[in-house]
Number of protein chains: 2
Amino acid sequence: MTPKPADFLFHNAFVLTMDQAMHQYEQGAVAVAGDTLLAVGPEPEVRAAWQAAQEVDCKGKVLMPGLVNAHTHVPMTLMRGLADDLRLDVWLQGYIWPVEREFVSPDFVRLGTLLACAELIRSGVTCFADMYFFEEDVARATREAGLRAVCGQTVLKFPSPDAPAFEDSLAAARDFIQRWKGHALIEPAVAPHAPYTCTPEILRQSAALAAEFDVPLHIHIAETALEVENMRRENGMPVVPYIKKQGLFDAKVLAAHCVHIDEGEMRTLVHARAGVAHNPSSNLKLASGFAQVQRMLDTGLNVGIGTDGTASNNDLDMFEEVRLAAFLAKTVSNDPTALPAPQALAMATRLGARALHLGNLTGTLEPGKRADLILVDIHSLHNSPHFRRNGDNVYSQIVYAGHATDVTDVMVNGKWLMQDRQLLTLDEAALLQAAQDYARRIDLFLVAREQSVFSKLIALGGSSEEESFEVQVKVKLDDPAPVIAAIEQPDVEILRKKHYHQHDVYFSFDDPSQGRLRFREDENVDEKGEITGVRGRLTLLGLAREGDFGHDVLLSRSRYLAPATNSLRFYREYFKPAAQVQIDKERHRWLVRYKDTEFYVNLDEVRQPPMGIFLEIKSRTWSREDARRKAELVSELITHLGGAIENTVTLDYIEIADKQ
Amino acid sequence: MTPKPADFLFHNAFVLTMDQAMHQYEQGAVAVAGDTLLAVGPEPEVRAAWQAAQEVDCKGKVLMPGLVNAHTHVPMTLMRGLADDLRLDVWLQGYIWPVEREFVSPDFVRLGTLLACAELIRSGVTCFADMYFFEEDVARATREAGLRAVCGQTVLKFPSPDAPAFEDSLAAARDFIQRWKGHALIEPAVAPHAPYTCTPEILRQSAALAAEFDVPLHIHIAETALEVENMRRENGMPVVPYIKKQGLFDAKVLAAHCVHIDEGEMRTLVHARAGVAHNPSSNLKLASGFAQVQRMLDTGLNVGIGTDGTASNNDLDMFEEVRLAAFLAKTVSNDPTALPAPQALAMATRLGARALHLGNLTGTLEPGKRADLILVDIHSLHNSPHFRRNGDNVYSQIVYAGHATDVTDVMVNGKWLMQDRQLLTLDEAALLQAAQDYARRIDLFLVAREQSVFSKLIALGGSSEEESFEVQVKVKLDDPAPVIAAIEQPDVEILRKKHYHQHDVYFSFDDPSQGRLRFREDENVDEKGEITGVRGRLTLLGLAREGDFGHDVLLSRSRYLAPATNSLRFYREYFKPAAQVQIDKERHRWLVRYKDTEFYVNLDEVRQPPMGIFLEIKSRTWSREDARRKAELVSELITHLGGAIENTVTLDYIEIADKQ
């Protein structure tokens, strides 16, 4: 039999196929033509069948499928080590989100992706699942680097760096998917960020989009116990049943984290053929908890391993992740035989590829799959000596003592990306320089901000972002009685009614761009006029308006809220305001439903300074479209309740006080 | 002022002193003369005061104290990855101990130590705390490599590769300490292995020896929950109070692991000025549990970080350990601000040195301390970009994204051990070759053993080593009545009395060197003659006798016991014995105290095959000296109970049966 032609013949290799049966060939060979694996087996067999244009002497190294990083945010390499050892809310709201708002752009995303790709290639990763903003730019940079990736365009209910509203993100995701579907390296995807950062509508539309094009849907699921607690309180069910209810499993789901899911949820995920991405470093660093990895695997789930973004890791080292996954599973299961080395490495290859819904293309060395492979030196000092008593020893070497720096060569889709530790598709020095330039600018931005009220508020800890948009309007009244009567008519459904004494102290600062900080004490008053409770809150009021609608309806500014757990004196000393103004009022507040929409109706008697009586109507909103609709309803409701629509004001009480 | 002379001036360095106040100098310098740090500070200041024979341009790298590996067993590098993903008992008894018995020698220890030192130097370790056999050979090899170490000679109640009995280990430790005390690099120490592997006598004598010479005492403490459970059951207290009771804190203690200690025990350790070595990888890999590191630190303990031996890690990478310590502490404390990067790095330097009781010499860069320092490249791809907004960013870089391979230069005691990643005191290639030769021999040994009954027994799991030595004698009786009467005399105190139907099945094999395997069912019989419980056990009986004393008293062979959780049929099919013999007997067993010593007195009526009645006396022993004394008491007790001392036999029943 005449040998058939191939492009590459890898020989003198310790071949780990990572296939279902974990075939390995200590004197093995692999033949490649174009982007495809032709043959994998003992060297004499492969040699007999194939004749290659180029022979690759693997010098006894391990030849195995490239690693699959099942969950990351590659552009975040530009925020590596930006802020560590912080509580999740302080970290996100105090550092990551402000920096993203300020810096994230197509240029930022491109550079961060290229830098990440360099690190991924160096550490033996050939395929990753990403989720970020400007994801088409991530895709372009990844294609340039030559890596394989599932690129998920983020969709959020908040404004994001690449989209003022979720409709824009979804439209961008659709465009991206249409343009890239079928690409040899890039699998476009949609990434509704998480159930708690998306509305049911966003989840449903994302699933429909992914199903329409048969692309993956990448989402964070049950990362923290708090998420599950909130979900149960608000929706009476844990996270997986909730996303099932929103139709998410119409799509091919990749669920990142799954730290806090129970066995029923695992079975639901199996049934939905969803993949899971386990992120041990990130889960530890953010104190999210211990995922039940062995149980997920036993349930039959395809669980891959991811690094998460470098802001919470702080590197993209899959060797470290695989080892940590194996280590943790043992102690979490109280069983040192749990997640043995071969299974841990399978998670980083075969199972990871399946979790990304790319199991047909990559994750194992099997004829017909893409040539995504790496060479790993297993004869280094930190991996010597080695034993060969049984087939598991070699997996042990890689998992328990292997380092990312042991990877010497990387090929993806039949193309070399690294040979003998030299990157072939990327200019490492230029990337490092450009990245450092960004870091310097981010440092300067944050150093300046450290002087601000906002950052001091954040620095107190425990702050939480207020829902971003609010539609609001107020109108002065001479007599509240007709309004009260109108509210109690049947066409307005009263859901809840409260009465407060509201004591507000506004701090202002020499630099007006710092905004105003409001310290509010709400005294809850019962029907007998007795105070039944007091709640304190700090709110930072920005100056920028997001937009105005007709009839002086305001789409309100972004705000930050924190529980005020300290005294007014403490805050005065801590923030050192230039001036302070006190406003006391009686507030009667109704939560009502009008034309299927919820509104807060406030009847405020401002006593100090004496301003009179106001009717104020507010509603939260998540999208431009929704805001427009609610603005119309608010105007309608003002009139309906007897307010004079021509007398509306959009100023805050403090602004009215300023003018007096 | 004229600059004074120095040997080295390190400049252009980002100096992290790791001192108590965490001083750092981004444009720093360090002056060294001989083995000592002269000056540490801003470059202009140091330059103004010192003029060095040799200038070292650090090229913006981090210059910091070398890392302290607070707990390891360096020669075990030769067993790296020998056997993984196993239960502790199977791993120890099935693999580590047999290989140690067969291979551990001064030559093995020397090679393993040199190999480990090469890896330690490469990963930035300048000082370590060791515990192994032939520890003086560890010390010699460490001196040759140029590293600083606390070398603890192991003492055990079992025979060990370097000592048939604990008296020999203690004598070796004393010689070692006398010879090395005061050495510039090596601090000799004594290392009673653990409370559960040492007798109270061993603990007391070890503490006395350490106190006499003012050297550290290195010991494993509360590594597993089982250890604590056993300690509480047997001694009514947890581990730390127990060792305190044995006077251990007369010495400077380094307590490794401390996974399962409570706050009271932490306070006891603080009061005793004991150091703790935290071993995150090892504790995870062996599923030992999560140490309460943040709580220990908060209590004021000097907690260092160790890799443990490579057999349970599987490398000596302190970068990985520091990161893992920080990661784990966060999730274990449910607080992402726990164990922040600066504190984690302090554990690996200043606190580690203090835990080893070498805080006066090393662990920080401060004038007067030894010149133990490393250079770390913080501009690598996986550590780019970096931020300098505050002083903590640099610790974050090292802890969360640093790799062992980022270390470029290492100096210990003023001598270079590595420059620009080249080892200067060790021949790496020769070490790798020699280590691989050992690994091949160990592989062959284990492959051969895989065929044996012993290994198959071990492979079943759940086996546990029987106490190694037993003094025993038996004598045939015509009439048991006088014996029973004699036992009930007041000079023999009866502690416990049992009655069993004992059904033994002995398996023998074609190869007699395999020994015999006994399957025993003990039916516990109450006073009414009713069976109240059944217990099954497997015991592997070796052939070698450890020694005979006068009057045919046998110091018995080592044995292995496993709970028999399967049926006789299962074991017959599993072990495929060449022959089997059944022996049934009635056993009345007394646990008695005679002349302050405990003995088991068995009165056995062997019914199948009919052999008659035997009086058997046994006692466990831990040392040659003790065995000799007990052998005399056994003979005395035989006579006292009416046995004819001239008729004693030292054969097992199965051996008597064989002869019949």
# chains A, B, ... in the order shown; residues from 1 in each chain; ligands from 1
call {"tool": "select_by_dssp", "arguments": {"residues": "segment 228-451 of chain B", "states": "alpha helix (DSSP H)", "output": "ChimeraX atom specification"}}
result
/B:228-235,239-245,263-271,280-285,293-298,318-333,341-347,350-355,393-396,428-449
call {"tool": "residues_around", "arguments": {"residues": "segment 114-128 of chain A", "least_positions_apart": "2", "cutoff": "8 Å", "atoms": "only C-alpha atoms", "output": "VMD selection string"}}
result
(chain A and resid 66 to 72 74 to 75 77 110 to 112 130 141 to 142 145 147 to 150 316 to 319 372 to 374 404 to 412 417 to 418 421 423 426 428 431 to 432 435) or (chain B and resid 381 to 382)
call {"tool": "closest_residue", "arguments": {"among": "B:Lys285, B:Arg140, B:Arg441, B:Lys157", "to": "Leu324 of chain A", "atoms": "only C-alpha atoms"}}
result
B:Lys285
call {"tool": "residues_around", "arguments": {"residues": "Cys151 of chain B", "least_positions_apart": "3", "cutoff": "12 Å", "atoms": "only C-alpha atoms", "output": "ChimeraX atom specification"}}
result
/B:70-75,113,127-143,147-148,154,173,176-177,180-181,183,185-191,215-219,254,356
call {"tool": "atom_distance", "arguments": {"atom1": "atom CA of Ala274 of chain B", "atom2": "atom CA of Val253 of chain B"}}
result
4.8 Å
call {"tool": "select_by_dssp", "arguments": {"residues": "segment 99-242 of chain B", "states": "strand (DSSP E or B)", "output": "ChimeraX atom specification"}}
result
/B:125-132,148-155,160,163,186-192,216-221
call {"tool": "write_last_selection", "arguments": {"atoms": "N, CA and C atoms", "output": "compact mmCIF listing (two decimals), in the first residue's frame"}}
result
# COMPACT_ATOMS: atom_id res chain seq x y z
N VAL B 125 12.84 29.95 46.19
CA VAL B 125 12.91 29.60 47.62
C VAL B 125 14.36 29.68 48.08
N THR B 126 14.57 30.33 49.22
CA THR B 126 15.93 30.43 49.76
C THR B 126 16.06 29.68 51.08
N CYS B 127 14.94 29.25 51.63
CA CYS B 127 14.96 28.60 52.95
C CYS B 127 13.78 27.64 53.04
N PHE B 128 14.02 26.46 53.61
CA PHE B 128 12.91 25.52 53.76
C PHE B 128 13.02 24.74 55.06
N ALA B 129 11.88 24.20 55.50
CA ALA B 129 11.87 23.34 56.69
C ALA B 129 11.58 21.92 56.22
N ASP B 130 12.52 21.01 56.52
CA ASP B 130 12.39 19.64 56.03
C ASP B 130 12.15 18.67 57.17
N MET B 131 11.60 17.52 56.82
CA MET B 131 11.43 16.42 57.76
C MET B 131 11.53 15.13 56.95
N TYR B 132 12.58 14.35 57.22
CA TYR B 132 12.69 13.08 56.51
C TYR B 132 13.64 12.15 57.26
N ARG B 148 19.38 27.58 52.63
CA ARG B 148 19.20 27.59 54.08
C ARG B 148 18.07 26.63 54.43
N ALA B 149 18.20 25.88 55.50
CA ALA B 149 17.13 24.94 55.86
C ALA B 149 17.14 24.58 57.33
N VAL B 150 15.93 24.31 57.81
CA VAL B 150 15.76 23.64 59.10
C VAL B 150 15.57 22.17 58.76
N CYS B 151 16.53 21.33 59.17
CA CYS B 151 16.50 19.91 58.79
C CYS B 151 16.10 19.08 59.99
N GLY B 152 14.93 18.49 59.92
CA GLY B 152 14.41 17.73 61.05
C GLY B 152 14.54 16.22 60.85
N GLN B 153 15.28 15.59 61.74
CA GLN B 153 15.43 14.12 61.68
C GLN B 153 14.15 13.49 62.21
N THR B 154 13.52 12.67 61.38
CA THR B 154 12.26 12.03 61.74
C THR B 154 12.43 11.00 62.85
N VAL B 155 11.48 11.00 63.77
CA VAL B 155 11.40 9.95 64.80
C VAL B 155 9.99 9.38 64.74
N SER B 160 11.76 2.51 60.72
CA SER B 160 11.81 3.41 59.57
C SER B 160 13.04 3.07 58.74
N ALA B 163 16.12 3.62 60.81
CA ALA B 163 16.21 3.24 62.22
C ALA B 163 15.24 2.11 62.54
N ILE B 186 22.54 25.55 57.88
CA ILE B 186 21.67 24.45 58.32
C ILE B 186 21.34 24.58 59.80
N GLU B 187 20.06 24.59 60.10
CA GLU B 187 19.61 24.53 61.49
C GLU B 187 19.11 23.10 61.73
N PRO B 188 19.89 22.30 62.47
CA PRO B 188 19.43 20.92 62.69
C PRO B 188 18.24 20.92 63.64
N ALA B 189 17.39 19.91 63.50
CA ALA B 189 16.18 19.85 64.31
C ALA B 189 15.75 18.41 64.50
N VAL B 190 14.83 18.21 65.41
CA VAL B 190 14.28 16.87 65.61
C VAL B 190 12.82 16.91 65.16
N ALA B 191 12.37 15.81 64.55
CA ALA B 191 11.03 15.81 63.95
C ALA B 191 10.25 14.56 64.33
N PRO B 192 9.69 14.55 65.55
CA PRO B 192 8.76 13.46 65.86
C PRO B 192 7.60 13.59 64.87
N PRO B 216 14.78 23.83 66.67
CA PRO B 216 13.34 23.64 66.44
C PRO B 216 12.91 22.17 66.51
N LEU B 217 11.65 21.99 66.79
CA LEU B 217 11.02 20.66 66.74
C LEU B 217 9.92 20.73 65.69
N HIS B 218 10.02 19.90 64.68
CA HIS B 218 9.13 19.93 63.51
C HIS B 218 8.20 18.73 63.59
N ILE B 219 6.90 18.98 63.50
CA ILE B 219 5.93 17.89 63.70
C ILE B 219 4.67 18.16 62.88
N HIS B 220 3.98 17.08 62.46
CA HIS B 220 2.66 17.20 61.81
C HIS B 220 1.59 17.26 62.89
N ILE B 221 0.70 18.26 62.79
CA ILE B 221 -0.34 18.43 63.81
C ILE B 221 -1.72 18.56 63.16
call {"tool": "atom_distance", "arguments": {"atom1": "atom CA of Gly146 of chain A", "atom2": "atom CA of Trp416 of chain A"}}
result
8.6 Å
call {"tool": "closest_residue", "arguments": {"among": "A:Gly247, A:Pro98, A:Gly642, A:Pro336", "to": "Pro480 of chain A", "atoms": "only C-alpha atoms"}}
result
A:Gly642
call {"tool": "atom_distance", "arguments": {"atom1": "atom CA of Ala194 of chain A", "atom2": "atom CA of Leu86 of chain A"}}
result
21.2 Å
call {"tool": "residues_around", "arguments": {"residues": "Ala52 of chain A", "least_positions_apart": "5", "cutoff": "9 Å", "atoms": "only C-alpha atoms", "output": "list in words"}}
result
Lys4, Pro5, Ala6, Asp7, Phe8, Leu9, Ala31, Val32, Ala33 and Arg47 of chain A
call {"tool": "residues_around", "arguments": {"residues": "segment 507-512 of chain B", "least_positions_apart": "6", "cutoff": "7 Å", "atoms": "only C-alpha atoms", "output": "ChimeraX atom specification"}}
result
/B:518,577-581
call {"tool": "closest_residue", "arguments": {"among": "B:Gly612, B:Pro563, B:Pro340, B:Gly34", "to": "chain A", "atoms": "only C-alpha atoms"}}
result
B:Pro340
call {"tool": "closest_residue", "arguments": {"among": "B:Gly275, B:Gly304, B:Gly81, B:Pro195", "to": "chain A", "atoms": "only C-alpha atoms"}}
result
B:Gly81
call {"tool": "residues_around", "arguments": {"residues": "His499 of chain B", "least_positions_apart": "6", "cutoff": "9 Å", "atoms": "only C-alpha atoms", "output": "JSON, numbers by chain"}}
result
{"B": [523, 524, 525, 526, 527, 529, 586, 587, 588, 589, 590]}
call {"tool": "closest_residue", "arguments": {"among": "A:Phe614, A:Tyr95, A:Phe10, A:Tyr506", "to": "chain B", "atoms": "only C-alpha atoms"}}
result
A:Tyr95
call {"tool": "decode", "arguments": {"residues": "segment 365-458 of chain A", "atoms": "C-alpha atoms", "output": "CSV table (one decimal), in the first residue's frame"}}
result
chain,number,residue,atom,x,y,z
A,365,LEU,CA,-7.2,14.0,18.7
A,366,GLU,CA,-9.4,11.9,16.4
A,367,PRO,CA,-9.4,11.6,12.6
A,368,GLY,CA,-11.8,14.1,11.0
A,369,LYS,CA,-11.5,16.7,13.8
A,370,ARG,CA,-9.7,20.0,13.3
A,371,ALA,CA,-6.0,20.0,13.9
A,372,ASP,CA,-6.0,21.9,17.2
A,373,LEU,CA,-3.0,20.5,19.1
A,374,ILE,CA,-0.2,21.3,21.5
A,375,LEU,CA,3.2,19.9,22.5
A,376,VAL,CA,4.0,19.8,26.2
A,377,ASP,CA,7.4,19.2,27.6
A,378,ILE,CA,7.1,16.6,30.5
A,379,HIS,CA,10.8,16.3,31.2
A,380,SER,CA,11.3,19.6,33.0
A,381,LEU,CA,12.9,19.9,36.4
A,382,HIS,CA,9.6,20.4,38.2
A,383,ASN,CA,8.2,17.3,36.5
A,384,SER,CA,11.1,15.0,37.1
A,385,PRO,CA,11.5,12.1,37.6
A,386,HIS,CA,8.4,10.5,36.0
A,387,PHE,CA,6.8,7.1,36.4
A,388,ARG,CA,5.2,4.9,33.7
A,389,ARG,CA,3.8,2.1,35.8
A,390,ASN,CA,0.3,2.7,34.4
A,391,GLY,CA,-1.4,4.9,31.9
A,392,ASP,CA,-2.5,7.5,34.5
A,393,ASN,CA,1.0,8.6,35.4
A,394,VAL,CA,1.3,10.9,32.4
A,395,TYR,CA,-2.0,12.7,33.2
A,396,SER,CA,-0.8,13.1,36.7
A,397,GLN,CA,2.4,14.8,35.4
A,398,ILE,CA,0.4,17.3,33.4
A,399,VAL,CA,-2.3,18.0,35.9
A,400,TYR,CA,-0.4,18.0,39.2
A,401,ALA,CA,3.1,19.3,38.2
A,402,GLY,CA,2.7,20.7,34.7
A,403,HIS,CA,3.2,24.5,34.2
A,404,ALA,CA,1.9,26.7,31.4
A,405,THR,CA,5.5,27.3,30.5
A,406,ASP,CA,5.9,23.6,29.6
A,407,VAL,CA,3.9,24.2,26.4
A,408,THR,CA,6.3,24.6,23.5
A,409,ASP,CA,4.2,24.4,20.3
A,410,VAL,CA,0.7,25.2,19.4
A,411,MET,CA,-1.3,24.5,16.2
A,412,VAL,CA,-4.9,25.6,15.6
A,413,ASN,CA,-6.9,24.5,12.5
A,414,GLY,CA,-3.8,23.2,10.9
A,415,LYS,CA,-1.8,26.4,11.3
A,416,TRP,CA,1.2,27.0,13.6
A,417,LEU,CA,0.6,29.7,16.2
A,418,MET,CA,3.7,28.9,18.3
A,419,GLN,CA,6.8,26.9,17.6
A,420,ASP,CA,9.6,26.3,20.1
A,421,ARG,CA,8.0,29.0,22.4
A,422,GLN,CA,8.0,31.7,19.7
A,423,LEU,CA,4.7,33.3,18.9
A,424,LEU,CA,4.1,33.4,15.1
A,425,THR,CA,1.0,35.4,14.7
A,426,LEU,CA,1.4,38.2,17.3
A,427,ASP,CA,4.0,40.8,18.1
A,428,GLU,CA,4.4,40.3,21.8
A,429,ALA,CA,6.6,43.3,22.5
A,430,ALA,CA,4.3,45.7,20.8
A,431,LEU,CA,1.3,44.3,22.6
A,432,LEU,CA,3.0,44.7,26.0
A,433,GLN,CA,3.9,48.3,25.2
A,434,ALA,CA,0.4,49.2,24.1
A,435,ALA,CA,-1.2,47.4,27.1
A,436,GLN,CA,1.1,49.3,29.5
A,437,ASP,CA,0.1,52.6,27.9
A,438,TYR,CA,-3.6,51.7,28.6
A,439,ALA,CA,-2.8,50.8,32.1
A,440,ARG,CA,-1.0,54.1,32.7
A,441,ARG,CA,-4.1,56.0,31.5
A,442,ILE,CA,-6.4,53.8,33.7
A,443,ASP,CA,-4.2,54.4,36.7
A,444,LEU,CA,-4.3,58.2,36.1
A,445,PHE,CA,-8.1,58.1,35.8
A,446,LEU,CA,-8.5,56.1,39.0
A,447,VAL,CA,-6.0,58.2,40.9
A,448,ALA,CA,-7.9,61.3,40.0
A,449,ARG,CA,-11.2,59.6,41.0
A,450,GLU,CA,-9.8,58.6,44.3
A,451,GLN,CA,-10.3,62.2,45.3
A,452,SER,CA,-14.0,62.1,44.5
A,453,VAL,CA,-17.1,61.8,46.7
A,454,PHE,CA,-18.2,58.9,44.5
A,455,SER,CA,-15.1,56.9,45.2
A,456,LYS,CA,-15.2,57.7,48.9
A,457,LEU,CA,-18.8,56.5,48.9
A,458,ILE,CA,-17.7,53.3,47.2
